[in-house]
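Below is my_file00.txt, which holds compact mmCIF, C-alpha atoms.
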# COMPACT_ATOMS: atom_id res chain seq x y z
CA MET J 1371 37.31 -53.23 1.50
CA ALA J 1372 34.62 -55.65 0.34
CA ASN J 1373 34.53 -57.31 3.75
CA ALA J 1374 34.41 -53.94 5.48
CA GLY J 1375 31.48 -52.93 3.26
CA LEU J 1376 29.63 -56.15 4.09
CA GLN J 1377 30.30 -55.54 7.75
CA LEU J 1378 28.93 -52.01 7.55
CA LEU J 1379 25.85 -53.27 5.69
CA GLY J 1380 25.20 -55.88 8.38
CA PHE J 1381 25.55 -53.32 11.15
CA THR J 1382 23.15 -50.95 9.36
CA LEU J 1383 20.50 -53.66 8.95
CA ALA J 1384 20.85 -54.76 12.56
CA PHE J 1385 20.64 -51.17 13.80
CA LEU J 1386 17.44 -50.64 11.82
CA GLY J 1387 16.11 -53.82 13.39
CA PHE J 1388 17.00 -52.43 16.82
CA ILE J 1389 15.02 -49.25 16.12
CA GLY J 1390 12.11 -51.32 14.79
CA SER J 1391 12.06 -53.48 17.92
CA ILE J 1392 11.80 -50.40 20.11
CA ALA J 1393 9.00 -48.99 17.94
CA SER J 1394 7.12 -52.29 17.99
CA THR J 1395 7.41 -52.63 21.75
CA VAL J 1396 5.99 -49.19 22.51
CA MET J 1397 3.23 -49.34 19.87
CA VAL J 1398 -0.30 -50.08 21.04
CA GLU J 1399 -1.54 -51.85 17.90
CA TRP J 1400 -0.40 -55.36 18.79
CA LYS J 1401 -3.92 -56.57 18.16
CA ALA J 1402 -6.85 -54.71 16.65
CA SER J 1403 -10.56 -55.39 16.89
CA SER J 1404 -11.88 -57.51 14.04
CA TYR J 1405 -14.75 -56.47 11.78
CA ALA J 1406 -15.34 -59.99 10.46
CA GLY J 1407 -18.87 -61.29 10.86
CA ASP J 1408 -22.29 -59.72 11.11
CA ASN J 1409 -23.72 -57.20 13.52
CA ILE J 1410 -20.34 -55.60 14.26
CA ILE J 1411 -20.42 -52.03 15.52
CA THR J 1412 -17.80 -50.09 13.60
CA ALA J 1413 -18.26 -46.79 15.43
CA GLN J 1414 -15.12 -47.52 17.42
CA ALA J 1415 -11.95 -49.52 17.04
CA MET J 1416 -10.15 -51.17 19.95
CA TYR J 1417 -6.42 -51.78 20.15
CA GLU J 1418 -4.35 -53.63 22.72
CA GLY J 1419 -0.62 -53.45 23.22
CA LEU J 1420 1.97 -54.58 25.73
CA TRP J 1421 1.55 -51.50 27.94
CA ARG J 1422 -1.92 -50.05 27.36
CA THR J 1423 -5.22 -50.35 25.52
CA CYS J 1424 -6.79 -47.71 23.31
CA VAL J 1425 -10.23 -47.04 21.87
CA SER J 1426 -10.54 -44.95 18.72
CA GLN J 1427 -13.92 -43.35 18.07
CA SER J 1428 -15.29 -42.67 14.61
CA THR J 1429 -15.08 -38.96 15.43
CA GLY J 1430 -11.28 -39.24 15.66
CA GLN J 1431 -11.08 -39.15 19.44
CA VAL J 1432 -8.67 -41.68 20.97
CA GLN J 1433 -8.75 -42.77 24.61
CA CYS J 1434 -5.97 -44.88 26.09
CA LYS J 1435 -5.62 -46.61 29.43
CA VAL J 1436 -2.44 -48.03 30.94
CA TYR J 1437 -2.69 -51.47 32.48
CA ASP J 1438 -3.40 -51.12 36.19
CA SER J 1439 -1.56 -54.12 37.62
CA LEU J 1440 1.33 -56.17 36.32
CA LEU J 1441 0.23 -59.27 38.21
CA GLN J 1442 -3.23 -59.22 36.63
CA LEU J 1443 -1.89 -59.23 33.09
CA PRO J 1444 -2.20 -62.41 31.01
CA GLY J 1445 0.92 -64.53 30.84
CA ILE J 1446 1.20 -63.95 27.08
CA VAL J 1447 1.56 -60.20 27.64
CA GLN J 1448 4.11 -60.58 30.43
CA GLY J 1449 6.14 -63.11 28.45
CA THR J 1450 6.13 -61.02 25.28
CA ARG J 1451 7.19 -57.97 27.28
CA GLY J 1452 10.16 -59.85 28.68
CA LEU J 1453 11.23 -61.22 25.29
CA MET J 1454 11.02 -57.84 23.55
CA LEU J 1455 12.86 -56.00 26.34
CA ALA J 1456 15.56 -58.69 26.38
CA SER J 1457 15.91 -58.34 22.61
CA ILE J 1458 16.29 -54.57 22.86
CA LEU J 1459 18.87 -54.89 25.66
CA LEU J 1460 20.94 -57.45 23.76
CA SER J 1461 20.81 -55.33 20.60
CA PHE J 1462 22.07 -52.32 22.54
CA ILE J 1463 24.93 -54.39 23.99
CA SER J 1464 25.78 -55.67 20.52
CA ILE J 1465 25.89 -52.10 19.16
CA LEU J 1466 28.47 -51.22 21.82
CA VAL J 1467 30.47 -54.35 20.98
CA GLU J 1468 30.38 -53.65 17.26
CA THR J 1469 31.56 -50.08 17.90
CA VAL J 1470 34.81 -51.67 19.05
CA GLY J 1471 34.96 -54.53 16.57
CA MET J 1472 34.05 -52.87 13.27
CA ARG J 1473 36.94 -52.12 10.93
CA CYS J 1474 35.73 -48.58 10.30
CA THR J 1475 36.52 -47.69 13.93
CA THR J 1476 39.96 -47.05 15.40
CA CYS J 1477 39.53 -49.15 18.55
CA MET J 1478 41.97 -52.08 18.67
CA ALA J 1479 43.32 -51.09 15.26
CA ASP J 1480 46.72 -52.55 16.14
CA ASN J 1481 45.23 -56.01 16.70
CA PRO J 1482 43.01 -56.89 13.70
CA GLU J 1483 42.53 -60.53 14.69
CA GLN J 1484 41.06 -59.64 18.09
CA LYS J 1485 39.03 -56.90 16.43
CA ASP J 1486 37.42 -59.44 14.09
CA LYS J 1487 36.63 -61.71 17.04
CA VAL J 1488 34.89 -58.84 18.80
CA ALA J 1489 32.87 -58.13 15.65
CA LEU J 1490 31.92 -61.82 15.43
CA THR J 1491 30.72 -61.73 19.04
CA GLY J 1492 28.56 -58.72 18.28
CA GLY J 1493 27.06 -60.48 15.28
CA VAL J 1494 26.13 -63.52 17.37
CA ILE J 1495 24.48 -61.30 19.98
CA PHE J 1496 22.50 -59.57 17.23
CA ILE J 1497 21.24 -62.95 15.98
CA ILE J 1498 20.16 -63.95 19.50
CA ALA J 1499 18.38 -60.61 19.93
CA GLY J 1500 16.56 -61.07 16.64
CA LEU J 1501 15.47 -64.58 17.58
CA LEU J 1502 14.07 -63.32 20.89
CA ALA J 1503 12.04 -60.65 19.09
CA LEU J 1504 10.86 -63.20 16.52
CA VAL J 1505 9.76 -65.63 19.23
CA GLY J 1506 7.93 -62.89 21.15
CA THR J 1507 5.99 -61.56 18.17
CA SER J 1508 5.21 -65.03 16.80
CA TRP J 1509 4.01 -66.24 20.19
CA TYR J 1510 1.68 -63.26 20.55
CA GLY J 1511 0.45 -63.62 16.97
CA ASN J 1512 -0.23 -67.32 17.46
CA ARG J 1513 -2.41 -66.55 20.47
CA ILE J 1514 -4.39 -63.98 18.46
CA ALA J 1515 -4.97 -66.53 15.68
CA LYS J 1516 -6.09 -69.21 18.15
CA ASP J 1517 -8.58 -66.89 19.82
CA PHE J 1518 -9.86 -65.69 16.45
CA TYR J 1519 -10.62 -69.19 15.18
CA ASN J 1520 -11.92 -70.42 18.53
CA PRO J 1521 -15.69 -71.00 18.04
CA PHE J 1522 -16.35 -70.15 21.68
CA THR J 1523 -14.88 -66.65 21.34
CA PRO J 1524 -17.66 -64.04 21.02
CA THR J 1525 -17.72 -62.32 17.65
CA ASN J 1526 -17.33 -58.87 19.16
CA SER J 1527 -14.30 -60.04 21.19
CA ARG J 1528 -12.17 -61.25 18.29
CA TYR J 1529 -8.99 -59.48 17.32
CA GLU J 1530 -6.68 -59.51 14.33
CA PHE J 1531 -2.98 -58.84 13.86
CA GLY J 1532 -2.07 -55.22 14.56
CA SER J 1533 0.56 -53.14 12.82
CA ALA J 1534 2.98 -53.54 15.75
CA LEU J 1535 3.26 -57.25 15.00
CA TYR J 1536 4.31 -56.62 11.41
CA VAL J 1537 6.84 -54.04 12.56
CA GLY J 1538 8.19 -56.53 15.08
CA TRP J 1539 8.49 -59.30 12.51
CA GLY J 1540 10.31 -57.03 10.11
CA ALA J 1541 12.63 -55.75 12.83
CA ALA J 1542 13.46 -59.29 13.95
CA CYS J 1543 14.33 -60.33 10.40
CA LEU J 1544 16.54 -57.28 9.88
CA THR J 1545 18.38 -57.95 13.13
CA ILE J 1546 18.99 -61.60 12.28
CA ILE J 1547 20.13 -60.83 8.72
CA GLY J 1548 22.42 -58.05 9.95
CA GLY J 1549 23.98 -60.31 12.56
CA ALA J 1550 24.46 -63.05 9.95
CA PHE J 1551 26.29 -60.61 7.67
CA LEU J 1552 28.59 -59.67 10.52
CA CYS J 1553 29.32 -63.34 11.23
CA CYS J 1554 29.87 -64.13 7.53
CA HIS J 1555 32.33 -61.26 7.29
CA CYS J 1556 34.44 -62.74 10.07
CA SER J 1557 34.28 -66.31 8.78
CA GLY J 1558 36.57 -65.55 5.89
CA GLY J 1559 38.91 -63.44 7.90
CA GLY J 1560 42.23 -63.93 6.20
CA SER J 1561 42.15 -60.56 4.51
CA GLY J 1562 43.85 -58.74 7.36
CA LYS J 1563 46.91 -61.00 7.46
CA SER J 1564 50.09 -60.18 5.65
CA PRO J 1565 50.97 -62.56 2.80
CA ARG J 1566 53.63 -65.17 3.37
CA TYR J 1567 56.42 -65.64 0.85
CA PRO J 1568 58.62 -68.70 0.38
CA PRO J 1569 62.08 -68.47 1.95
CA SER J 1570 64.73 -66.86 -0.18
CA ARG J 1571 67.10 -69.19 -2.03
CA SER J 1572 69.80 -66.57 -2.41
CA ALA J 1573 71.94 -68.21 0.23
CA GLY J 1574 74.22 -70.97 -1.01
CA GLN J 1575 73.01 -74.50 -0.45
CA PRO J 1576 75.30 -76.83 1.48
CA GLY J 1577 77.23 -79.24 -0.64
CA LYS J 1578 77.62 -76.88 -3.61
CA ASP J 1579 80.98 -75.42 -4.58
CA TYR J 1580 81.31 -72.17 -6.46
CA VAL J 1581 84.37 -71.28 -8.57

Could I get this structure in the form of structure tokens?
Amino acid sequence: MANAGLQLLGFTLAFLGFIGSIASTVMVEWKASSYAGDNIITAQAMYEGLWRTCVSQSTGQVQCKVYDSLLQLPGIVQGTRGLMLASILLSFISILVETVGMRCTTCMADNPEQKDKVALTGGVIFIIAGLLALVGTSWYGNRIAKDFYNPFTPTNSRYEFGSALYVGWGAACLTIIGGAFLCCHCSGGGSGKSPRYPPSRSAGQPGKDYV
């Protein structure tokens, strides 16, 4: 039962990471306008995401605009889109795999060894999905930091990390940790095997005579 509990904990963490990756991908606050420096107009705040840009006025009005052309997007946006979507797709596949491989389900209940192998496969896919999300968010964040510290970047064109990046980093970590728990559960998989007993010595040994 301890291994089954660890398996369920890993699946829960990875599932939360899957939800967080979706939320991070659709959020617009991947980078937010910076207020560092002098002569910055704070009447509006600008946000940029993977799918659209938004401007928030001091009056509370928000205007958003979807990117017009995919081919005109910077390579960093296109690459991060691909990494995040690939992470979400792999996480979804892993959820389906774990539905079969987890011990709390009845699928393949008559073959526990194969069931553990399926669960291990799902855990590995979760780890790969988490790494893809981590690479995508870190790549995007690194570009924001480079542009921010670039002396040739105009002060009113500098951006800082948005909330979507932090959500993405947290989701990636949860997915990787959950997948690792699922793999650790299967690494010690002798719990489902029946114990072996030494052969019985009740039968008479050759060479012994009984009176």

Neighbours of Met1472 of chain J within 12 Å (all atoms listed in the file; same-chain residues fewer than 5 positions away dropped), as a compact mmCIF listing (two decimals) with C-alpha atoms, keeping the file's coordinate frame?
# COMPACT_ATOMS: atom_id res chain seq x y z
CA ASN J 1373 34.53 -57.31 3.75
CA ALA J 1374 34.41 -53.94 5.48
CA GLY J 1375 31.48 -52.93 3.26
CA LEU J 1376 29.63 -56.15 4.09
CA GLN J 1377 30.30 -55.54 7.75
CA LEU J 1378 28.93 -52.01 7.55
CA LEU J 1379 25.85 -53.27 5.69
CA GLY J 1380 25.20 -55.88 8.38
CA PHE J 1381 25.55 -53.32 11.15
CA THR J 1382 23.15 -50.95 9.36
CA SER J 1464 25.78 -55.67 20.52
CA ILE J 1465 25.89 -52.10 19.16
CA LEU J 1466 28.47 -51.22 21.82
CA VAL J 1467 30.47 -54.35 20.98
CA CYS J 1477 39.53 -49.15 18.55
CA MET J 1478 41.97 -52.08 18.67
CA ALA J 1479 43.32 -51.09 15.26
CA PRO J 1482 43.01 -56.89 13.70
CA GLU J 1483 42.53 -60.53 14.69
CA GLN J 1484 41.06 -59.64 18.09
CA LYS J 1485 39.03 -56.90 16.43
CA ASP J 1486 37.42 -59.44 14.09
CA LYS J 1487 36.63 -61.71 17.04
CA VAL J 1488 34.89 -58.84 18.80
CA ALA J 1489 32.87 -58.13 15.65
CA LEU J 1490 31.92 -61.82 15.43
CA THR J 1491 30.72 -61.73 19.04
CA GLY J 1492 28.56 -58.72 18.28
CA GLY J 1493 27.06 -60.48 15.28
CA LEU J 1552 28.59 -59.67 10.52
CA CYS J 1553 29.32 -63.34 11.23
CA HIS J 1555 32.33 -61.26 7.29
CA CYS J 1556 34.44 -62.74 10.07

With distances taken over only C-alpha atoms, which residue among J:Trp1421, J:Tyr1405, J:Tyr1519, J:Phe1462 lies nearest Phe1385 of chain J?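 Using only C-alpha atoms, Phe1385 of chain J sits closest to J:Phe1462.
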
Which residue is closest to Tyr1437 of chain J? Choose from J:Gly1511, J:Gly1500, J:Pro1524, J:Gly1419 and count only C-alpha atoms.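 Once distances to Tyr1437 of chain J are computed over only C-alpha atoms, the minimum belongs to J:Gly1419.
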
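Here atom CA of Thr1525 of chain J stands at a distance of 15.0 Å from atom CA of Lys1401 of chain J.
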
Tell me which of J:Gly1471, J:Gly1506, J:Gly1430, J:Gly1445 sits closest to Ala1542 of chain J, counting only C-alpha atoms.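 Smallest separation from Ala1542 of chain J among the options: J:Gly1506.
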
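Nearest to Ala1456 of chain J of all the residues J:Ser1428, J:Thr1523, J:Thr1395, J:Ser1439 is J:Thr1395, based on all atoms listed in the file.
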
Which residue, J:Leu1535, J:Leu1420, J:Leu1544, J:Ala1384, has the smallest gap to Leu1440 of chain J when you use all atoms listed in the file? J:Leu1420

Considering all atoms listed in the file, state which residue in the set J:Leu1504, J:Ala1534, J:Ala1550, J:Cys1434 is at the smallest distance from Glu1399 of chain J.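 Of J:Leu1504, J:Ala1534, J:Ala1550, J:Cys1434, the one nearest Glu1399 of chain J is J:Ala1534, counting all atoms listed in the file.
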
As an exercise, work out the distance from atom CA of Thr1545 of chain J to atom CA of Thr1507 of chain J in Å and give it to one decimal place.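 Atom CA of Thr1507 of chain J lies at a distance of 13.9 Å from atom CA of Thr1545 of chain J.
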
Between atom CA of Lys1516 of chain J and atom CA of Ile1547 of chain J, what is the distance, to one decimal in Å?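 Atom CA of Ile1547 of chain J lies 29.1 Å from atom CA of Lys1516 of chain J.
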
Ser1527 of chain J environment, 10 Å, all atoms listed in the file, sequence neighbours closer than 3 positions dropped, as a tab-separated table (two decimals) with C-alpha atoms, in the coordinates of the input:
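Contents of the output file out-v5.tsv:
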chain	number	residue	atom	x	y	z
J	1403	SER	CA	-10.56	-55.39	16.89
J	1404	SER	CA	-11.88	-57.51	14.04
J	1416	MET	CA	-10.15	-51.17	19.95
J	1517	ASP	CA	-8.58	-66.89	19.82
J	1518	PHE	CA	-9.86	-65.69	16.45
J	1523	THR	CA	-14.88	-66.65	21.34
J	1524	PRO	CA	-17.66	-64.04	21.02

What's around segment 1424-1426 of chain J at 9 Å? Count only C-alpha atoms, leave out sequence neighbours fewer than 6 positions away in its own chain, and write the answer as a PyMOL selection string. chain J and resi 1398-1399+1413-1418+1432-1436
